[in-house]
Each structure stands twice: as structure tokens, then as C-alpha cells.
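Enquirer: Below is the file input-v8.txt, with compact mmCIF, C-alpha atoms.
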# COMPACT_ATOMS: atom_id res chain seq x y z
CA MET M 1 94.95 -5.92 9.75
CA THR M 2 96.79 -8.52 7.72
CA THR M 3 95.00 -9.96 4.73
CA ALA M 4 93.19 -13.17 5.60
CA LEU M 5 93.49 -16.20 3.37
CA PRO M 6 90.42 -17.14 1.30
CA ARG M 7 88.23 -19.91 2.72
CA GLN M 8 89.21 -22.45 0.11
CA THR M 9 92.93 -22.00 0.84
CA ARG M 10 94.65 -24.88 2.61
CA PRO M 11 98.24 -23.88 3.37
CA VAL M 12 100.79 -26.66 3.03
CA PRO M 13 103.34 -26.92 5.85
CA GLY M 14 106.65 -25.41 4.80
CA LEU M 15 105.13 -23.17 2.14
CA PRO M 16 104.65 -19.44 2.66
CA THR M 17 101.12 -18.14 2.94
CA ALA M 18 99.87 -14.88 1.49
CA ALA M 19 100.70 -13.08 4.73
CA ASP M 20 104.18 -14.54 5.31
CA THR M 21 107.58 -13.51 4.03
CA ALA M 22 108.32 -15.82 1.11
CA PRO M 23 111.71 -17.53 0.87
CA ARG M 24 114.17 -16.56 -1.83
CA VAL M 25 114.13 -18.84 -4.86
CA ASP M 26 117.62 -18.97 -6.36
CA SER M 27 116.60 -20.92 -9.45
CA LEU M 28 114.57 -17.94 -10.64
CA THR M 29 117.67 -15.75 -10.37
CA GLY M 30 119.52 -18.18 -12.61
CA MET M 31 116.63 -18.22 -15.07
CA ARG M 32 116.87 -14.43 -15.36
CA PHE M 33 120.27 -14.75 -16.99
CA LEU M 34 119.06 -17.40 -19.43
CA ALA M 35 116.28 -15.05 -20.55
CA ALA M 36 118.66 -12.10 -20.91
CA PHE M 37 121.13 -14.24 -22.86
CA ALA M 38 118.32 -15.43 -25.16
CA VAL M 39 117.49 -11.80 -25.98
CA PHE M 40 121.19 -11.15 -26.65
CA VAL M 41 121.43 -14.14 -29.02
CA HIS M 42 118.33 -12.92 -30.88
CA HIS M 43 119.75 -9.42 -31.32
CA PHE M 44 123.20 -10.75 -32.30
CA THR M 45 121.94 -13.17 -34.96
CA GLY M 46 119.13 -10.96 -36.25
CA LEU M 47 115.87 -11.65 -38.02
CA SER M 48 117.56 -12.53 -41.34
CA ALA M 49 120.96 -12.97 -42.97
CA GLN M 50 121.14 -9.19 -43.35
CA GLY M 51 120.31 -8.40 -39.71
CA GLY M 52 122.04 -8.57 -36.39
CA VAL M 53 125.77 -8.44 -35.76
CA ALA M 54 126.74 -11.73 -37.38
CA HIS M 55 124.25 -14.23 -38.78
CA ALA M 56 124.80 -17.84 -37.70
CA PRO M 57 122.72 -20.33 -39.75
CA LEU M 58 123.32 -22.91 -37.01
CA LEU M 59 121.23 -20.86 -34.60
CA PHE M 60 118.71 -19.38 -37.00
CA PRO M 61 115.67 -19.37 -37.03
CA TYR M 62 115.44 -20.71 -33.46
CA SER M 63 117.37 -17.71 -32.17
CA THR M 64 114.44 -15.46 -33.11
CA LEU M 65 112.48 -16.96 -30.22
CA GLY M 66 114.95 -15.23 -27.92
CA ALA M 67 112.94 -12.05 -28.38
CA ASN M 68 110.37 -13.59 -26.05
CA GLY M 69 112.86 -13.42 -23.23
CA VAL M 70 111.32 -10.02 -22.49
CA GLY M 71 107.93 -11.70 -22.09
CA PHE M 72 109.53 -14.04 -19.57
CA PHE M 73 110.79 -10.99 -17.67
CA PHE M 74 107.25 -9.57 -17.52
CA VAL M 75 105.86 -12.84 -16.17
CA LEU M 76 108.75 -13.21 -13.73
CA SER M 77 108.31 -9.63 -12.54
CA GLY M 78 104.66 -10.26 -11.68
CA PHE M 79 105.62 -13.47 -9.91
CA LEU M 80 108.51 -12.09 -7.86
CA LEU M 81 106.77 -8.90 -6.76
CA THR M 82 103.77 -10.92 -5.59
CA TRP M 83 105.90 -13.68 -4.10
CA GLY M 84 107.79 -11.21 -1.94
CA HIS M 85 104.86 -8.91 -1.19
CA ARG M 86 104.13 -8.14 2.46
CA PRO M 87 100.61 -6.81 3.07
CA GLY M 88 100.76 -3.34 4.56
CA THR M 89 103.80 -2.15 2.62
CA LEU M 90 103.25 1.49 1.68
CA ALA M 91 102.99 2.23 -2.03
CA ARG M 92 105.52 5.05 -1.79
CA LEU M 93 108.00 2.73 -0.06
CA PHE M 94 107.53 0.18 -2.85
CA TYR M 95 108.04 2.87 -5.53
CA TRP M 96 111.18 4.17 -3.84
CA ARG M 97 112.73 0.71 -3.70
CA ARG M 98 111.88 0.03 -7.34
CA PHE M 99 113.38 3.36 -8.34
CA GLY M 100 116.64 2.56 -6.61
CA ARG M 101 116.75 -0.87 -8.16
CA ILE M 102 116.00 0.13 -11.77
CA TRP M 103 116.62 3.75 -12.67
CA PRO M 104 120.28 4.52 -11.72
CA ALA M 105 121.64 1.61 -13.78
CA HIS M 106 119.32 2.59 -16.64
CA LEU M 107 120.65 6.16 -16.54
CA VAL M 108 124.32 5.10 -16.56
CA ALA M 109 123.75 2.51 -19.31
CA THR M 110 122.14 5.20 -21.47
CA ILE M 111 125.26 7.41 -21.42
CA PRO M 112 127.32 5.30 -23.90
CA CYS M 113 124.23 5.05 -26.12
CA ILE M 114 124.43 8.80 -26.75
CA TRP M 115 127.74 8.34 -28.51
CA VAL M 116 127.31 4.88 -30.03
CA PHE M 117 123.85 5.38 -31.49
CA TYR M 118 123.35 9.11 -31.95
CA LEU M 119 126.66 10.98 -32.19
CA TRP M 120 128.81 8.44 -33.98
CA GLY M 121 126.09 6.15 -35.30
CA GLY M 122 123.95 8.98 -36.68
CA VAL M 123 120.60 7.50 -35.63
CA PRO M 124 118.00 10.31 -35.90
CA THR M 125 116.23 11.30 -32.70
CA ASP M 126 114.82 14.37 -30.94
CA ALA M 127 114.87 15.81 -27.44
CA PHE M 128 111.34 14.70 -26.56
CA SER M 129 111.99 11.09 -27.55
CA PHE M 130 115.28 10.95 -25.68
CA VAL M 131 113.86 12.47 -22.49
CA ALA M 132 110.86 10.14 -22.72
CA SER M 133 113.25 7.20 -22.77
CA LEU M 134 115.12 8.51 -19.72
CA LEU M 135 111.83 8.88 -17.84
CA LEU M 136 110.68 5.45 -19.06
CA VAL M 137 107.48 6.62 -20.72
CA GLN M 138 108.57 6.10 -24.34
CA THR M 139 106.23 3.19 -25.06
CA TRP M 140 103.19 5.42 -24.49
CA PHE M 141 103.98 7.58 -27.55
CA PRO M 142 103.79 6.20 -31.10
CA GLY M 143 105.71 9.14 -32.58
CA VAL M 144 109.02 8.80 -30.75
CA VAL M 145 112.14 8.79 -32.93
CA PRO M 146 113.43 6.15 -33.41
CA MET M 147 110.81 3.59 -32.39
CA PHE M 148 113.12 2.63 -29.50
CA PRO M 149 114.76 5.92 -28.43
CA GLY M 150 117.59 6.37 -25.94
CA ASN M 151 118.85 2.95 -24.96
CA GLY M 152 116.60 0.95 -27.28
CA VAL M 153 116.22 -2.05 -25.01
CA ALA M 154 114.84 0.21 -22.26
CA TRP M 155 111.39 0.03 -23.86
CA THR M 156 110.81 -2.98 -21.63
CA LEU M 157 111.61 -0.84 -18.58
CA SER M 158 108.87 1.52 -19.68
CA VAL M 159 106.48 -1.42 -19.60
CA GLU M 160 107.82 -2.53 -16.23
CA ALA M 161 107.40 1.00 -14.83
CA PHE M 162 103.69 0.78 -15.63
CA PHE M 163 103.49 -2.57 -13.86
CA TYR M 164 105.23 -1.09 -10.82
CA LEU M 165 102.78 1.81 -10.78
CA LEU M 166 99.82 -0.57 -10.72
CA PHE M 167 101.20 -3.27 -8.44
CA PRO M 168 100.42 -1.88 -4.95
CA PHE M 169 96.77 -1.54 -5.94
CA ALA M 170 96.53 -4.67 -8.12
CA VAL M 171 97.92 -6.95 -5.43
CA ARG M 172 95.38 -5.74 -2.89
CA GLY M 173 92.58 -6.67 -5.24
CA ALA M 174 94.20 -9.98 -6.14
CA LEU M 175 94.51 -10.98 -2.48
CA ARG M 176 90.74 -10.71 -2.14
CA LEU M 177 90.04 -13.06 -5.05
CA ARG M 178 89.84 -16.82 -5.06
CA THR M 179 92.68 -18.63 -6.77
CA ARG M 180 90.30 -20.07 -9.34
CA THR M 181 89.08 -16.57 -10.19
CA LEU M 182 92.65 -15.33 -10.58
CA ALA M 183 93.48 -18.22 -12.89
CA LEU M 184 90.41 -17.49 -15.01
CA LEU M 185 91.27 -13.79 -15.26
CA ALA M 186 94.86 -14.63 -16.20
CA ALA M 187 93.68 -17.03 -18.91
CA CYS M 188 91.27 -14.42 -20.28
CA GLY M 189 94.13 -11.94 -20.41
CA LEU M 190 96.23 -14.27 -22.55
CA VAL M 191 93.28 -14.87 -24.87
CA ALA M 192 92.85 -11.09 -25.12
CA MET M 193 96.52 -10.78 -26.15
CA TRP M 194 95.93 -13.26 -28.95
CA LEU M 195 92.75 -11.52 -30.14
CA LEU M 196 94.41 -8.10 -30.04
CA LYS M 197 97.34 -9.36 -32.11
CA TRP M 198 94.94 -10.98 -34.58
CA TRP M 199 92.89 -7.80 -34.97
CA THR M 200 95.82 -5.41 -35.27
CA ALA M 201 97.66 -7.65 -37.74
CA THR M 202 94.62 -7.84 -40.02
CA HIS M 203 93.39 -4.24 -39.71
CA LEU M 204 96.36 -1.97 -39.01
CA SER M 205 99.76 -1.23 -40.49
CA PRO M 206 102.80 -3.22 -39.33
CA PHE M 207 104.10 -0.13 -37.51
CA ALA M 208 100.83 0.41 -35.64
CA THR M 209 100.62 -3.29 -34.82
CA GLU M 210 104.14 -3.32 -33.43
CA TRP M 211 103.55 -0.22 -31.30
CA ILE M 212 100.27 -1.53 -29.87
CA MET M 213 101.73 -4.94 -29.04
CA ARG M 214 104.61 -3.28 -27.15
CA HIS M 215 102.30 -0.93 -25.29
CA PRO M 216 102.32 -1.42 -21.49
CA VAL M 217 98.58 -2.14 -21.36
CA ALA M 218 98.92 -4.82 -24.06
CA ARG M 219 101.64 -6.58 -22.04
CA LEU M 220 99.71 -6.47 -18.76
CA PRO M 221 98.36 -10.04 -19.11
CA GLU M 222 101.91 -11.42 -18.88
CA PHE M 223 102.45 -9.63 -15.58
CA ALA M 224 99.04 -10.78 -14.33
CA VAL M 225 99.85 -14.42 -15.09
CA GLY M 226 102.94 -14.17 -12.90
CA MET M 227 100.94 -12.60 -10.08
CA ALA M 228 98.28 -15.30 -10.22
CA CYS M 229 100.88 -18.08 -10.15
CA ALA M 230 102.69 -16.57 -7.16
CA LEU M 231 99.49 -16.27 -5.13
CA ALA M 232 98.48 -19.82 -6.04
CA LEU M 233 101.79 -21.20 -4.78
CA ARG M 234 101.73 -19.04 -1.65
CA ARG M 235 98.27 -20.39 -0.87
CA GLY M 236 99.58 -23.94 -0.97
CA HIS M 237 98.47 -25.07 -4.42
CA ARG M 238 100.67 -27.61 -6.16
CA PHE M 239 100.90 -28.45 -9.86
CA PRO M 240 102.21 -31.70 -11.40
CA LEU M 241 104.98 -30.12 -13.47
CA SER M 242 108.17 -31.83 -14.58
CA PRO M 243 110.94 -29.59 -16.01
CA PRO M 244 112.19 -32.26 -18.47
CA VAL M 245 108.66 -32.78 -19.81
CA LEU M 246 108.14 -29.02 -20.05
CA PHE M 247 111.43 -28.63 -21.90
CA ALA M 248 110.42 -31.37 -24.37
CA CYS M 249 107.08 -29.63 -24.98
CA PHE M 250 108.78 -26.27 -25.45
CA THR M 251 111.28 -27.79 -27.90
CA ALA M 252 108.46 -29.33 -29.94
CA TYR M 253 106.61 -26.01 -29.97
CA ALA M 254 109.76 -24.12 -31.03
CA VAL M 255 110.28 -26.48 -33.96
CA LEU M 256 106.66 -26.12 -35.08
CA TYR M 257 106.75 -22.36 -34.74
CA CYS M 258 110.02 -21.82 -36.57
CA HIS M 259 108.93 -24.01 -39.50
CA ARG M 260 105.32 -22.84 -39.59
CA THR M 261 105.52 -21.20 -43.01
CA THR M 262 106.87 -24.33 -44.71
CA TRP M 263 104.93 -26.99 -42.81
CA PHE M 264 101.51 -25.35 -42.66
CA GLY M 265 99.18 -23.24 -44.72
CA PRO M 266 99.03 -19.46 -44.32
CA ASP M 267 96.04 -19.52 -41.95
CA ILE M 268 97.68 -21.85 -39.42
CA ALA M 269 101.05 -20.11 -39.83
CA ASP M 270 99.45 -16.75 -39.07
CA GLN M 271 97.69 -18.09 -35.98
CA LEU M 272 100.95 -19.56 -34.68
CA ALA M 273 102.55 -16.14 -35.09
CA TRP M 274 99.67 -14.32 -33.41
CA THR M 275 99.59 -16.70 -30.43
CA LEU M 276 103.36 -16.66 -29.86
CA ARG M 277 103.37 -14.18 -26.96
CA PRO M 278 100.53 -15.86 -25.03
CA PHE M 279 102.21 -19.24 -25.49
CA ALA M 280 105.55 -17.78 -24.41
CA ALA M 281 103.87 -16.43 -21.27
CA LEU M 282 102.30 -19.82 -20.61
CA PHE M 283 105.62 -21.64 -20.98
CA SER M 284 107.26 -19.01 -18.76
CA VAL M 285 104.80 -19.41 -15.91
CA VAL M 286 104.84 -23.22 -15.91
CA PHE M 287 108.64 -23.27 -15.89
CA ILE M 288 108.64 -20.78 -13.02
CA ALA M 289 106.09 -22.81 -11.06
CA ALA M 290 107.95 -26.06 -11.69
CA TYR M 291 111.30 -24.78 -10.43
CA VAL M 292 109.82 -22.96 -7.46
CA GLN M 293 108.05 -26.12 -6.34
CA ARG M 294 111.25 -28.16 -6.73
CA GLU M 295 113.28 -25.69 -4.70
CA LEU M 296 110.69 -25.39 -1.95
CA THR M 297 110.89 -29.15 -1.44
CA GLY M 298 114.67 -28.96 -1.02
CA HIS M 299 115.75 -29.87 -4.55
CA ARG M 300 118.50 -27.51 -5.69
CA GLY M 301 119.72 -27.97 -9.25
CA TRP M 302 122.25 -26.23 -11.46
CA LEU M 303 120.14 -23.09 -11.70
CA CYS M 304 120.74 -22.59 -7.97
CA SER M 305 124.51 -22.90 -8.27
CA ARG M 306 126.61 -19.90 -7.29
CA PRO M 307 127.76 -19.15 -10.87
CA MET M 308 124.16 -19.09 -12.15
CA VAL M 309 122.98 -16.95 -9.24
CA LEU M 310 125.79 -14.45 -9.92
CA LEU M 311 124.94 -14.40 -13.61
CA GLY M 312 121.33 -13.79 -12.67
CA LEU M 313 122.32 -10.88 -10.46
CA TRP M 314 124.23 -9.35 -13.37
CA SER M 315 121.47 -10.08 -15.90
CA TYR M 316 119.77 -6.68 -15.64
CA ALA M 317 123.04 -4.91 -16.42
CA PHE M 318 123.73 -7.48 -19.16
CA TYR M 319 120.39 -6.67 -20.76
CA LEU M 320 120.96 -2.92 -20.56
CA LEU M 321 124.42 -3.06 -22.16
CA HIS M 322 124.32 -5.81 -24.78
CA GLN M 323 122.69 -3.93 -27.65
CA THR M 324 125.02 -0.95 -27.27
CA LEU M 325 128.04 -3.21 -27.75
CA ASN M 326 126.30 -4.95 -30.66
CA ARG M 327 125.78 -1.62 -32.40
CA LEU M 328 129.37 -0.56 -31.74
CA ILE M 329 130.64 -3.75 -33.38
CA ILE M 330 128.41 -3.29 -36.44
CA ASP M 331 129.45 0.33 -36.96
CA THR M 332 133.14 -0.50 -36.48
CA TRP M 333 133.54 -3.68 -38.49
CA GLY M 334 130.29 -4.10 -40.39
CA ARG M 335 128.34 -7.32 -40.84
CA PRO M 336 130.27 -10.37 -42.07
CA GLN M 337 128.82 -12.90 -44.47
CA PRO M 338 126.55 -15.49 -42.77
CA ASP M 339 128.69 -18.25 -41.35
CA ASN M 340 128.53 -20.60 -38.39
CA SER M 341 131.85 -19.25 -37.12
CA ALA M 342 129.71 -16.35 -35.88
CA VAL M 343 128.87 -18.57 -32.90
CA PHE M 344 132.41 -18.06 -31.58
CA THR M 345 132.10 -14.32 -32.12
CA LEU M 346 128.81 -14.39 -30.25
CA LEU M 347 130.42 -16.13 -27.27
CA GLY M 348 133.30 -13.66 -27.26
CA VAL M 349 130.97 -10.68 -27.35
CA GLY M 350 128.83 -12.29 -24.66
CA VAL M 351 131.83 -12.61 -22.35
CA THR M 352 132.74 -8.96 -22.99
CA VAL M 353 129.21 -7.81 -22.18
CA LEU M 354 129.29 -9.97 -19.08
CA ALA M 355 132.46 -8.27 -17.82
CA LEU M 356 130.88 -4.85 -18.38
CA SER M 357 127.74 -6.09 -16.64
CA TRP M 358 129.71 -7.09 -13.59
CA ALA M 359 131.16 -3.58 -13.44
CA LEU M 360 127.76 -1.90 -13.85
CA PHE M 361 126.24 -4.11 -11.16
CA THR M 362 129.15 -3.74 -8.75
CA TYR M 363 129.75 -0.02 -9.05
CA VAL M 364 126.34 1.38 -9.98
CA GLU M 365 123.33 -0.92 -9.60
CA GLU M 366 124.05 -2.44 -6.19
CA PRO M 367 125.47 0.74 -4.57
CA ALA M 368 122.46 2.72 -5.81
CA ARG M 369 120.07 0.12 -4.39
CA LYS M 370 121.82 0.21 -1.02
CA TRP M 371 121.88 4.02 -1.05
CA CYS M 372 118.11 4.11 -1.56
CA VAL M 373 117.64 1.63 1.27
CA ARG M 374 119.69 3.82 3.61
CA ARG M 375 117.86 6.93 2.47
CA THR M 376 114.40 5.49 2.98
CA PRO M 377 112.42 7.83 5.24
CA ARG M 378 112.05 6.11 8.61
CA ARG M 379 108.40 7.05 8.91
CA TRP M 380 107.64 4.98 5.79
CA SER M 381 109.29 1.88 7.23
CA ARG M 382 107.71 2.40 10.67
CA LYS M 383 104.25 2.85 9.20
CA SER M 384 104.61 -0.26 7.02
CA ALA M 385 105.78 -2.29 10.00
CA SER M 386 102.88 -1.10 12.14
CA VAL M 387 100.35 -1.97 9.46
CA GLU M 388 101.85 -5.45 9.04
CA ALA M 389 101.67 -6.06 12.79
CA SER M 390 98.11 -4.82 13.22
The structure in this file should be written as C-alpha cells.
Expert:
Amino acid sequence: MTTALPRQTRPVPGLPTAADTAPRVDSLTGMRFLAAFAVFVHHFTGLSAQGGVAHAPLLFPYSTLGANGVGFFFVLSGFLLTWGHRPGTLARLFYWRRFGRIWPAHLVATIPCIWVFYLWGGVPTDAFSFVASLLLVQTWFPGVVPMFPGNGVAWTLSVEAFFYLLFPFAVRGALRLRTRTLALLAACGLVAMWLLKWWTATHLSPFATEWIMRHPVARLPEFAVGMACALALRRGHRFPLSPPVLFACFTAYAVLYCHRTTWFGPDIADQLAWTLRPFAALFSVVFIAAYVQRELTGHRGWLCSRPMVLLGLWSYAFYLLHQTLNRLIIDTWGRPQPDNSAVFTLLGVGVTVLALSWALFTYVEEPARKWCVRRTPRRWSRKSASVEAS
């Protein structure tokens, strides 16, 4: 049987319900690239004048907020998986599709890391840590060497793999809950993230704090927020959200956060730091909801343009490759003195990574996804279809 809508749900004509196939939302594909590029800018500019590839004072310290692009990915992942979920889909079919979408490109992107980071770069590691990174379980172990083994950015894939493992079961439970209950649980999860950060920062070492806050369980509230938002929209709920107003609020928050240590006392500055990830998740989900609602009503902006959609399709490969090229540049030419001319270097490197991303998407990621689709056991698809129709 298909999952029935809760009693309080009032579907809006033109919007997908929890049992329908949801339409594609191109603006979210465009937003994927913006998040990946924000992470790239953060890694390129670094956390200080001595970090990154080339420090650009024009971008710093606002570029440090780009690290939260990974939080956006976690929220977006929860949203998209729930948005496109069809009740009755077998868990093993879902896992197989996720494997084909994620792992082959991850494996190929890790190959140049062996040379850039470990053979030529001399970064210490061990077999267990490297294999853990290939299998995407590295975030579960605090003793891996280095803290981000293999392809360092793949730690987020380890978190995503945990989300994928839970999703077929989590979505069944979520479909049975009222929207108000889901919203309350999502809010409690974000509060729990803040409290966990507060406690670890005041009781544990910086290393332990960093490991715990990157642990898959600690990032689960971000995924849950995306799930709750997707179900709310699929059930016909609307929210009065204006992208320009949201952007103004985010800009004001970014200014306050980046100047917290000079504008506020240590107590307020610490709280702003400890609440950064929950606030980033909140901004992520309201931006997602705002653009989904606009597109469902027929409004297609620049995020839906063909160039942005293509960039969004290449964004996963862009994310996988960017830090390898950054490290290659550092080891080859070293870090220059901080200067705003680094912005032009950043753009040049970004274009180079983009070209490599196109190649990885075209010749590895997309063919692997299609191969997995063709190789899907027919009995899985037939059984899923029969459950959906019952």
C-alpha cells in the first residue's frame, strides 16, 4: 500500500504529494555549484595569511564561511532524497543507485591523491587509514592518519554514506509523522548540535572537538532538516520566503560572525562560533525552500539557466578534485605573500578544476551511473514497482 497523507495535510494543486513523483528543481542543481565553489574559495584562501594556496585579504575573513558549504550539501542531500522518494522503493535498490552515483568518481578522484599528497607530498598515512577512506568509513575512527586520509575532502562522503544507510528506514518513519512534529524534531536536532559544540569546546581538546563535530552522527541534524523541509513542501505547506530578504539576512549574519571577536566580548563571540553550523543549516534550508517554491510556481531565475545547471552537474567532481590541485600548486610553487592579486589566481585555478570536473563527470561519473542503472537486477525494479502500485 502507498503511504497515506496525514489528516492535517491539504495538498495544493500543482504540488507533489508524499506519494507522487516530485518534479525536478533545477535551481537546486545550480545551488550545488555555488556551495562547492564556496568550499573551494575557503580552501584556496585558507584560515590565515599562512594558510591556503594564496591568501587574498579582499576575500578574507568572509571566505572562511565557505567551509559551511559542506553543511549545505548535507541539508540538500536530505531534501533531495526525500523530495524524490517513492514509497515502496527497495532499500537495496536505493543503495545500489547511490553506490553508482558516488563511489566510482570517488575512487578515480583518489588516484591522483596518492601521488600528490603521499608519494610526492610526503604526507604520512597508513594502510588502514587509506583503505578506510576508500570505503568511506574514515570519519568513524579518531586515529586515522592524517585526520582526513585518502582524498581529504572525501570525509563528507563518509558522512553522506551514513545518511544513505539510514535513509530508507528514516523516511518511512518520517512519513508517519505530522509535519509539525517533524519541524519540532528538526529544531531540536539543531539545538543539540549547538549544545554538543558548546560542551566539546569547553571540555575536550581541539582535536577531539573537531573529530566529534565531523562525526556522521553529529551531522545528522542537518540531513534531518532537509528531510523535514522536503516533506513539508510535498504536503502542500508554503512559507513566506523572499530570496532577496534571505540574502540580506545572511549577509548581515556573515558580517557579525566574521567580526565577532572585535565587536563582541568573548562570551558572545564563542556562542556565535558554536552556533555557526546550526545557523548555516537554517540558512540552507530556508534558501532551498524559497527557491523550490519559486520554481514550482513557474518562476525560473538564473540558477535554472543551462550554464548553472551544467555547473551543478559537475559540482560533485569539482568538489572531489579541487583540493588535490590546490595541494599540487602549493608543493610546486609554494605560497606567495598575501595579496589581492590572488583573486585572479583563484579564478584561473577554478577554471582549471572545472575543466577537470567536466572530464571526470563525462567519462567516469555519468557512465558509471548509467552502468549501474543498466545492471540493476530486474527483480528489484519489478518488486519496487509492484509495491508502489499496491
Enquirer: I want to know what sits within 8 Å of segment 217-229 of chain M, based on only C-alpha atoms, with residues of the same chain fewer than 3 positions away left out; could you give that as a PyMOL selection string?
Expert: chain M and resi 71+74-83+159+163+171+174+179+182-183+186-187+189-190+193+212-214+232-233+278+281+285+289
Enquirer: For atom CA of Trp302 of chain M and atom CA of His237 of chain M, determine how far apart the two atoms are, in Å to one decimal place.
Expert: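 It comes out at 24.8 Å.
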Enquirer: Could you check the closest approach to Leu272 of chain M for each of M:His322, M:Arg260, M:Lys370, M:Arg172 and tell me which residue wins, using all atoms listed in the file?
Expert: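 So, comparing all the options, the nearest one is M:Arg260.
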Enquirer: At most 12 Å from (132.6, -8.1, -37.9), file frame, all atoms listed in the file: which residues, as a ChimeraX atom specification?
Expert: /M:44,52-55,326-339,341-342,344-346,349
Enquirer: Keeping only C-alpha atoms, write the selected residues to a file as a tab-separated table (two decimals), in the coordinates of the input.
Expert:
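Once written, result.tsv looks like this:
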chain	number	residue	atom	x	y	z
M	44	PHE	CA	123.20	-10.75	-32.30
M	52	GLY	CA	122.04	-8.57	-36.39
M	53	VAL	CA	125.77	-8.44	-35.76
M	54	ALA	CA	126.74	-11.73	-37.38
M	55	HIS	CA	124.25	-14.23	-38.78
M	326	ASN	CA	126.30	-4.95	-30.66
M	327	ARG	CA	125.78	-1.62	-32.40
M	328	LEU	CA	129.37	-0.56	-31.74
M	329	ILE	CA	130.64	-3.75	-33.38
M	330	ILE	CA	128.41	-3.29	-36.44
M	331	ASP	CA	129.45	0.33	-36.96
M	332	THR	CA	133.14	-0.50	-36.48
M	333	TRP	CA	133.54	-3.68	-38.49
M	334	GLY	CA	130.29	-4.10	-40.39
M	335	ARG	CA	128.34	-7.32	-40.84
M	336	PRO	CA	130.27	-10.37	-42.07
M	337	GLN	CA	128.82	-12.90	-44.47
M	338	PRO	CA	126.55	-15.49	-42.77
M	339	ASP	CA	128.69	-18.25	-41.35
M	341	SER	CA	131.85	-19.25	-37.12
M	342	ALA	CA	129.71	-16.35	-35.88
M	344	PHE	CA	132.41	-18.06	-31.58
M	345	THR	CA	132.10	-14.32	-32.12
M	346	LEU	CA	128.81	-14.39	-30.25
M	349	VAL	CA	130.97	-10.68	-27.35
Enquirer: Quick one: of M:Tyr363, M:Phe148, M:Phe287, M:Phe239, who's nearest to Leu136 of chain M, counting only C-alpha atoms?
Expert: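 Checking each candidate against Leu136 of chain M, we get M:Phe148 as the closest.
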Enquirer: Taking only C-alpha atoms into account, which of M:Gly152, M:Thr376, M:Arg24, M:Ser305 comes nearest Gly84 of chain M?
Expert: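 Closest to Gly84 of chain M of all the choices is M:Arg24.
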Enquirer: Find the residues around Leu256 of chain M up to 12 Å (all atoms listed in the file counted), leave out those fewer than 3 positions away in its own chain, and share them as a list in words.
Expert: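 The residues that qualify are Pro61, Tyr62, Leu65, Cys249, Phe250, Thr251, Ala252, Tyr253, His259, Arg260, Thr261, Thr262, Trp263, Phe264, Ile268, Ala269, Leu272, Ala273 and Leu276 of chain M.
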Enquirer: Which residue gives the smallest distance to Pro240 of chain M among M:Trp274, M:Tyr291, M:Trp198, M:Phe361, with all atoms listed in the file counted?
Expert: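 The answer is M:Tyr291, which sits nearest to Pro240 of chain M.
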Enquirer: Suppose you want the space between atom CA of Ala201 of chain M and atom CA of Thr125 of chain M; what is it in Å?
Expert: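 Between these atoms lies a distance of 27.0 Å.
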Enquirer: Can you tell me which residues surround Leu34 of chain M at a distance of at most 10 Å, considering only C-alpha atoms, apart from same-chain residues fewer than 6 positions away, and format the answer as a list in words?
Expert: Leu28, Phe40, Gly66, Gly69, Leu303, Met308, Leu311, Gly312 and Ser315 of chain M
Enquirer: Of the candidates M:Thr110, M:Ser284, M:Asn151, M:Asn68, which one gets nearest to Ala36 of chain M if we count all atoms listed in the file?
Expert: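 Among M:Thr110, M:Ser284, M:Asn151, M:Asn68, it is M:Asn68 that comes nearest to Ala36 of chain M.
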Enquirer: Please report the interatomic distance between atom CA of Val364 of chain M and atom CA of Val292 of chain M in Å with one decimal.
Expert: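 So the answer is 29.5 Å.
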Enquirer: Of the candidates M:Trp371, M:Tyr319, M:Phe117, M:Trp194, which one gets nearest to Gly350 of chain M if we count only C-alpha atoms?
Expert: M:Tyr319
Enquirer: Counting only C-alpha atoms, which residues in segment 128-189 of chain M sit no more than 9 Å from segment 93-108 of chain M? For each one, give the nearest pair of atoms and the distance in Å, sorted by chain then residue number, as CSV.
Expert:
residue,atom,partner,partner_atom,distance
M:Leu134,CA,M:Leu107,CA,6.8
M:Leu135,CA,M:Trp103,CA,8.7
M:Leu136,CA,M:Trp103,CA,8.9
M:Asn151,CA,M:His106,CA,8.3
M:Ala154,CA,M:His106,CA,7.6
M:Leu157,CA,M:Ile102,CA,8.2
M:Ala161,CA,M:Arg98,CA,8.8
M:Tyr164,CA,M:Tyr95,CA,7.2
M:Leu165,CA,M:Tyr95,CA,7.5
M:Pro168,CA,M:Phe94,CA,7.7
